[in-house]
Amino acid sequence: MIAYLCAIGIIALIYALLALGLNLQFGLTRLVNFGVVAFFAVGAYASGLLSLQGVPLVVCFIAAMLVSAVLALPIGLLSLRLRDDYLAIVTLGFSEAVRITIQQEEWLTKGVQGLPGLPKLFAGWPSPWGDVAIFTVLVLITALVVWGTVRLARSPFGRLLRAIGDDEAALSALGKDPAWFKVQIFMLGAALFGMAGAFYAHFITFITPEQFIPLITFYVWMGLVMGGTGSVRGALFGTFLLMVFLEGSRFVKDWIPGVSEVGMASLRLAAVGLALILVTLYRPNGMFGGDSGGKSQ
Amino acid sequence: MTWIDIANLIINGLIEGLVVALPALSMTLVMGVNRFPNAATGDFLTLGAYGAVVCQLLLGMPLWLAALTSAAVTALVSAGSYQLIFRKLAGRPMVSSMLAAIGLGFLLRSLIGFFAGHDQRTFDMPLMRAWNFGGIRILPTDLAIAAIALVVLAVVFVLLYQTSFGRQLRAVSDSADLARASGIRAKGLMLAMWLLVGAISATGGVLLGMKAIVMPEMGWEFLIPAFAAMVLGGIGSPIGAVLGALVLCVAQELSVPLLGPSYKLVLSFAVLALVLLLRPAGIMGRIQLVR
């Protein structure tokens, strides 16, 4: 039971990190990133591959964050020139391009076979204390990120970021150059995605390209939008709702007889689709919508 | 690689380009008028293909009738999605419409997967040998596909440029406010356009299914290429979308000997990013739509 709760808790916190990163990018700065999963995947693979070379896990995690952030630089620069809908499609295309590259470059990533046998965090610890330790570390890191985000949002830098989201032209007219801030926040968010990826890789211990489909990105979006964009509380509560949804759908299977595993996956995808439609239609501000969340342009 | 290989690749690229032109055209219409990239376009394609499969399998229709029926059904689904979802999101941030479109795409794809399964399907049609002109091979099926795509494109362009429907649509696309001020009734016009968009996408799906196989993810894989074609041609320009699709697909085919077929989508993405960086207005586009 402890092991099960720990596993759910760990996955929930990994999603929470993704949601907090997306909240930095979209909630605060209105940067529309539909390619969250790309940075998650790159973090997972960077850390996974390094760890297989015997590199200590702490270094692997730092490398995962750096690689994801560096990969976000060109997209961040591109985002300066693009309206949000274009950025959305470009980031979506980017995440598919990354997934296909991981799948194709077998010399590096083993392709569709994936990377089995990644070292687990706290591997030497007796069960379930290893998982409890991972969970504890994730709680601490999430708390740190929450604290940082709140500080950031309240700082002059945060006000600047919100101003970018609200009215970039006015900001430029005041003589501030929003460009570099946007790129920074894009990279910062990507670093969080990368770290989440590393945690995922060293918890699951087996990664394949199939785990990094666009659906993951939209899970995070669904959570963030349900909870309310632009607020840390919203991001965390949205992640909680998302986990209820993801875990709850396992039990739904027991109530609907005659639905196969594949059929259940279809139904789950349908529910995600329906949720995305309904939330944007009826709850654009989410449960804890921030003051700039869902406002019409 | 000889020039004959290159000619074969170019022919393949042109045929695929004519097919991709259909979703690209459908996206550019929505983008021009409703101002958001309809990410469900790919899944309208899938719906079109599966509709035709169902009509053939269960009702025993010949392929042409199955395709027409499926186009009609997809057109209704498309217009319904406008009426129920996208109409209500007008004036909200673009992200709302896009998220809803992604959601709609997931919903369509998963319902198809749930009811039709994930097995690959094909249309019931005669298999024919390729004609060989001194090494240049042409499949009769491909010729049929190209011909159908050309006819559909011709019909759409006549609608857009020779009818009052098309004039009104282009007026709304140029300036929604001005069009409203000059007395264009938007509601019926929008529904007609979404019917058209659904029918075009569905035909694209049937043609793709004729060229390869039918499966639930088929349309999604053409979302990025269709978007790249649209951007390459210039947003909101129907002719640009067709030209963009042709250029993109020929480039993709020519890259196959160098990169392998799996990297087609990556190339689409690269073209997309480059065009947005270097010439954001596309081949035929106007600058105003891009920041």
# chains A, B, ... in the order shown; residues from 1 in each chain; ligands from 1

call {"tool": "select_by_dssp", "arguments": {"residues": "segment 31-126 of chain B", "states": "alpha helix (DSSP H)", "output": "ChimeraX atom specification"}}
result
/B:31-34,41-59,63-81,87-89,94-116

call {"tool": "residues_around", "arguments": {"residues": "segment 40-48 of chain A", "least_positions_apart": "4", "cutoff": "9 Å", "atoms": "only C-alpha atoms", "output": "number ranges by chain"}}
result
A: 18, 36, 52-53, 57, 59-68, 71, 95, 98-99, 102, 109, 115, 118-119, 190-202, 205-207, 209, 211-212

call {"tool": "interface_residues", "arguments": {"of": "chain A", "to": "chain B", "cutoff": "8 Å", "atoms": "only C-alpha atoms", "output": "NGL selection string"}}
result
:A and (32 or 78 or 81-85 or 89-90 or 93-94 or 96-97 or 100-101 or 104 or 262-263 or 266-267 or 269-278 or 280-281 or 284 or 294-297)

call {"tool": "select_by_dssp", "arguments": {"residues": "segment 65-233 of chain B", "states": "strand (DSSP E)", "output": "list in words"}}
result
Trp131, Asn132, Phe133, Ile136, Arg137 and Ile138 of chain B

call {"tool": "residues_around", "arguments": {"residues": "Met128 of chain B", "least_positions_apart": "5", "cutoff": "12 Å", "atoms": "only C-alpha atoms", "output": "list in words"}}
result
Ile138, Leu139, Pro140, Thr141, Asp142, Leu143 and Ala144 of chain B

call {"tool": "closest_residue", "arguments": {"among": "B:Ile6, B:Leu127, B:Ala24, B:Ile200", "to": "Ser70 of chain B", "atoms": "only C-alpha atoms"}}
result
B:Ile200
